[in-house]
Amino acid sequence: MLEFLAYLGEFLLLINAILFLSVYRKNDTPIKIFSFYLITMFIIQIVVSVFQVLKKNNLYLSHYYFIIQFLFLSIFYFQIIKHPFQRKIIKITVPICLSILGIQYYLNPELFTKFNLFEIFITSFLIIIFSMFHFYNILNEKRSYYYINTGIFIYLFGSTFLFITGNLINTLTNNFRNIIWYLNGVLYIVYQIYIFMEYKNTFLNKKNE
């Protein structure tokens, strides 16, 4: 069941990446950034799966996943958020976050071989804050990127809690460990469904009209 959820999530991610890349040239910068985000995440997921099949350690790849996701989504939100103060917060917090993580890895290289709880929390927490900025901004405006933003919020809010248990997973029973990965797999599929809904409502419906 866990493998099925993982493969389904990767399949949906691939479909979404192809769909968004298909409208890449005809759209604005945020969609282009999000398209590159999807294809980059797909490549990382494939590498992780290959390492898993070869029974090689792939835990360190989680750092690339979280940091690259953080960078792409931060740039995405910087493009769609127009409020000066909110944009200033993004410009300040993103380099500070990356600097702190860089210093942390320099001082404690061993963190690279396991889940970094602080990395998971801070990168996800900041994106959740940016997502809340956008929810606030579209209360009285056009609901642009609504489904993408909702998917990001739901997935990161739920998965952050699950991934924070990462360093404890090896000490848990198999049943409880499977529940954690099962829930994360479901959250990821929900995220991909919201991304598809964005494509459907923003591009497919317009094409049909």
# chains A, B, ... in the order shown; residues from 1 in each chain; ligands from 1
call {"tool": "residues_around", "arguments": {"residues": "Pro84 of chain A", "least_positions_apart": "6", "cutoff": "12 Å", "atoms": "only C-alpha atoms", "output": "short mmCIF file (atom, residue, chain, number, x, y, z; two decimals) with N, CA, C and O atoms, in the first residue's frame"}}
result
data_model
loop_
_atom_site.label_atom_id
_atom_site.label_comp_id
_atom_site.auth_asym_id
_atom_site.auth_seq_id
_atom_site.Cartn_x
_atom_site.Cartn_y
_atom_site.Cartn_z
N PHE A 78 7.08 35.30 -3.86
CA PHE A 78 7.59 36.67 -4.04
C PHE A 78 7.02 37.28 -5.32
O PHE A 78 6.79 38.49 -5.39
N ILE A 90 9.64 38.43 2.90
CA ILE A 90 10.18 37.32 2.13
C ILE A 90 11.66 37.57 1.80
O ILE A 90 12.51 36.68 1.94
N LYS A 91 11.97 38.80 1.37
CA LYS A 91 13.35 39.14 0.99
C LYS A 91 14.31 39.03 2.18
O LYS A 91 15.49 38.70 2.00
N PHE A 133 -0.12 34.75 3.81
CA PHE A 133 -0.11 36.10 3.23
C PHE A 133 -1.02 36.12 2.00
O PHE A 133 -1.83 37.03 1.83
N ASN A 137 -4.44 38.17 1.13
CA ASN A 137 -4.47 39.13 0.03
C ASN A 137 -5.62 38.89 -0.93
O ASN A 137 -6.11 39.84 -1.56
#
call {"tool": "closest_atom_pairs", "arguments": {"of": "segment 61-178 of chain A", "to": "segment 29-47 of chain A", "cutoff": "8 Å", "atoms": "only C-alpha atoms", "output": "JSON lines"}}
result
{"residue": "A:Leu61", "atom": "CA", "partner": "A:Ile44", "partner_atom": "CA", "distance": 7.8}
{"residue": "A:Tyr65", "atom": "CA", "partner": "A:Ile44", "partner_atom": "CA", "distance": 6.9}
{"residue": "A:Gln69", "atom": "CA", "partner": "A:Tyr37", "partner_atom": "CA", "distance": 7.1}
{"residue": "A:Phe72", "atom": "CA", "partner": "A:Tyr37", "partner_atom": "CA", "distance": 5.8}
{"residue": "A:Leu73", "atom": "CA", "partner": "A:Phe34", "partner_atom": "CA", "distance": 7.5}
{"residue": "A:Ile75", "atom": "CA", "partner": "A:Ile33", "partner_atom": "CA", "distance": 7.5}
{"residue": "A:Phe76", "atom": "CA", "partner": "A:Pro30", "partner_atom": "CA", "distance": 5.4}
{"residue": "A:Tyr77", "atom": "CA", "partner": "A:Pro30", "partner_atom": "CA", "distance": 7.9}
{"residue": "A:Gln79", "atom": "CA", "partner": "A:Pro30", "partner_atom": "CA", "distance": 5.9}
{"residue": "A:Ile80", "atom": "CA", "partner": "A:Pro30", "partner_atom": "CA", "distance": 6.6}
call {"tool": "select_by_dssp", "arguments": {"residues": "segment 4-181 of chain A", "states": "alpha helix (DSSP H)", "output": "PyMOL selection string"}}
result
chain A and resi 4-22+29-53+61-80+84-107+117-137+146-164+174-181
call {"tool": "residues_around", "arguments": {"residues": "Tyr182 of chain A", "least_positions_apart": "3", "cutoff": "8 Å", "atoms": "only C-alpha atoms", "output": "JSON, numbers by chain"}}
result
{"A": [2, 5, 178, 179, 185, 186]}
call {"tool": "residues_around", "arguments": {"residues": "Phe112 of chain A", "least_positions_apart": "2", "cutoff": "9 Å", "atoms": "only C-alpha atoms", "output": "list in words"}}
result
Leu59, Tyr60, Leu61, His63, Tyr105, Asn108, Pro109, Glu110, Lys114, Phe115 and Asn116 of chain A
call {"tool": "closest_residue", "arguments": {"among": "A:Leu183, A:Gln86, A:Thr113, A:Ile67", "to": "Ser99 of chain A", "atoms": "only C-alpha atoms"}}
result
A:Ile67
call {"tool": "closest_residue", "arguments": {"among": "A:Ile148, A:Leu107, A:Ile15, A:Ile100", "to": "Phe135 of chain A", "atoms": "only C-alpha atoms"}}
result
A:Ile148
